[in-house]
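Q: So that you have it, the file is target-v1.csv, and it contains CSV, C-alpha atoms:
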```csv
chain,number,residue,atom,x,y,z
A,1,MET,CA,0.0,0.0,0.0
A,2,SER,CA,1.2,3.5,-0.8
A,3,GLU,CA,1.3,6.3,1.7
A,4,ARG,CA,-1.3,9.0,1.8
A,5,VAL,CA,-0.4,12.3,0.2
A,6,ILE,CA,-1.2,15.5,2.1
A,7,ALA,CA,-3.1,17.4,-0.6
A,8,GLU,CA,-3.4,20.5,1.6
A,9,ARG,CA,-2.9,21.3,5.3
A,10,LEU,CA,-6.2,23.1,5.7
A,11,PRO,CA,-9.7,21.7,5.1
A,12,ALA,CA,-11.9,22.6,2.1
A,13,VAL,CA,-14.9,24.4,3.5
A,14,LEU,CA,-17.7,23.8,1.1
A,15,GLU,CA,-21.5,24.0,1.0
A,16,LEU,CA,-22.6,21.0,-1.0
A,17,GLU,CA,-26.0,20.3,-2.6
A,18,PRO,CA,-27.7,17.2,-1.4
A,19,GLY,CA,-26.4,14.1,-3.2
A,20,THR,CA,-23.8,11.4,-3.3
A,21,TYR,CA,-20.1,12.3,-3.2
A,22,TRP,CA,-16.8,10.4,-3.2
A,23,TRP,CA,-14.1,11.8,-0.9
A,24,CYS,CA,-10.4,11.2,-2.0
A,25,ALA,CA,-8.7,9.2,0.8
A,26,CYS,CA,-5.3,8.9,-0.9
A,27,GLY,CA,-4.5,12.6,-1.6
A,28,ARG,CA,-3.6,12.2,-5.2
A,29,SER,CA,-6.8,13.5,-6.8
A,30,LYS,CA,-6.5,16.7,-8.9
A,31,ASN,CA,-10.1,17.5,-7.8
A,32,GLN,CA,-9.7,17.8,-4.0
A,33,PRO,CA,-11.4,16.9,-1.8
A,34,PHE,CA,-13.2,14.6,-4.2
A,35,CYS,CA,-11.9,11.5,-6.0
A,36,ASP,CA,-10.9,11.6,-9.6
A,37,GLY,CA,-9.7,8.0,-9.8
A,38,SER,CA,-6.0,8.7,-9.1
A,39,HIS,CA,-6.0,6.2,-6.3
A,40,LYS,CA,-5.9,3.2,-8.7
A,41,GLY,CA,-3.0,0.9,-7.8
A,42,THR,CA,-2.4,2.6,-4.4
A,43,GLY,CA,-4.4,0.3,-2.2
A,44,PHE,CA,-6.7,3.2,-1.1
A,45,GLU,CA,-10.3,3.6,-2.0
A,46,PRO,CA,-12.5,6.7,-2.0
A,47,VAL,CA,-15.1,7.2,0.8
A,48,LYS,CA,-18.7,7.5,-0.4
A,49,PHE,CA,-20.8,9.9,1.6
A,50,GLU,CA,-24.3,11.4,1.3
A,51,ALA,CA,-25.1,15.1,1.8
A,52,THR,CA,-28.7,15.0,2.9
A,53,GLU,CA,-29.1,18.8,3.1
A,54,LYS,CA,-27.3,21.8,1.9
A,55,ARG,CA,-24.9,22.6,4.7
A,56,ARG,CA,-21.4,24.1,5.0
A,57,ARG,CA,-18.8,21.6,6.2
A,58,ALA,CA,-15.1,21.3,6.5
A,59,TYR,CA,-13.7,18.4,4.4
A,60,CYS,CA,-10.3,16.9,5.2
A,61,GLN,CA,-7.5,17.5,2.7
A,62,CYS,CA,-4.6,16.3,4.8
A,63,LYS,CA,-6.1,12.7,4.5
A,64,HIS,CA,-5.2,11.8,8.1
A,65,THR,CA,-8.5,12.5,9.7
A,66,ALA,CA,-10.1,9.7,11.8
A,67,GLU,CA,-13.6,11.0,10.6
A,68,GLY,CA,-13.2,11.0,6.8
A,69,PRO,CA,-14.5,12.8,4.8
A,70,PHE,CA,-14.8,15.5,7.5
A,71,CYS,CA,-11.9,17.4,9.1
A,72,ASP,CA,-11.2,16.6,12.7
A,73,GLY,CA,-8.3,19.0,13.1
A,74,THR,CA,-5.5,16.4,12.7
A,75,HIS,CA,-3.8,18.7,10.1
A,76,SER,CA,-2.7,21.0,12.9
A,77,SER,CA,-0.5,18.2,14.4
A,78,LEU,CA,1.2,16.9,11.3
A,79,GLU,CA,4.9,17.6,10.7
```
Could you show the structure in this file as structure tokens?

A:
Amino acid sequence: MSERVIAERLPAVLELEPGTYWWCACGRSKNQPFCDGSHKGTGFEPVKFEATEKRRRAYCQCKHTAEGPFCDGTHSSLE
């Protein structure tokens, strides 16, 4: 398995429309924080999540959160 790539050290704060989304767990996507298929061959898989209402949330881009796809503040303790 490859290592996670830190795409950004700050979360992406977005207001998404209701629907199904795929969060990039590997950090290689060019469409952060969403998956673009760049994980192929890395051993990582994107995380499917549902937005049930239009709501502003912070989505992890450091890829080290314990609560993917949402930011839990882990980026502040990364070296």

Q: Calculated over only C-alpha atoms, which of the candidates A:Glu79, A:Val13, A:Trp23, A:Val5 has the smallest distance to A:Thr42?

A: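 The shortest atom-to-atom distance to A:Thr42 comes from A:Val5.
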
Q: At a cut-off of 10 Å, using all atoms listed in the file, what residues contact A:Pro11? Leave out same-chain residues fewer than 5 positions from it and give the result as a list in words.

A: Gln32, Pro33, Arg57, Ala58, Tyr59, Cys60, Gln61, Cys62, Lys63, Phe70, Cys71, Asp72, Gly73 and His75 of chain A

Q: Quick one: residues within 7 Å of A:His39, all atoms listed in the file, excluding same-chain residues fewer than 5 positions away - as a list in words?

A: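 Counting all atoms listed in the file, the residues come to Cys26, Arg28, Phe44 and Glu45 of chain A.
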
Q: Quick one: pull the distance between atom CA of A:Trp22 and atom CA of A:Asp36, Å, one decimal.

A: 8.8 Å

Q: Nearest residue to A:Arg55 out of A:Glu67, A:Glu15, A:Ile6, A:Ser38, using only C-alpha atoms?

A: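 Closest to A:Arg55 of all the choices is A:Glu15.
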
Q: Between A:Pro69, A:Ser77, A:Val47, A:Arg56, which has the minimum distance to A:Leu16 (counting all atoms listed in the file)?

A: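 So, comparing all the options, the nearest one is A:Arg56.
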
Q: Given the choices A:Thr65, A:Ser76, A:Ser2, A:Thr20, which gets closest to A:Glu50 if the distance is worked out from all atoms listed in the file?

A: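 Looking only at the distances to A:Glu50, the closest residue turns out to be A:Thr20.
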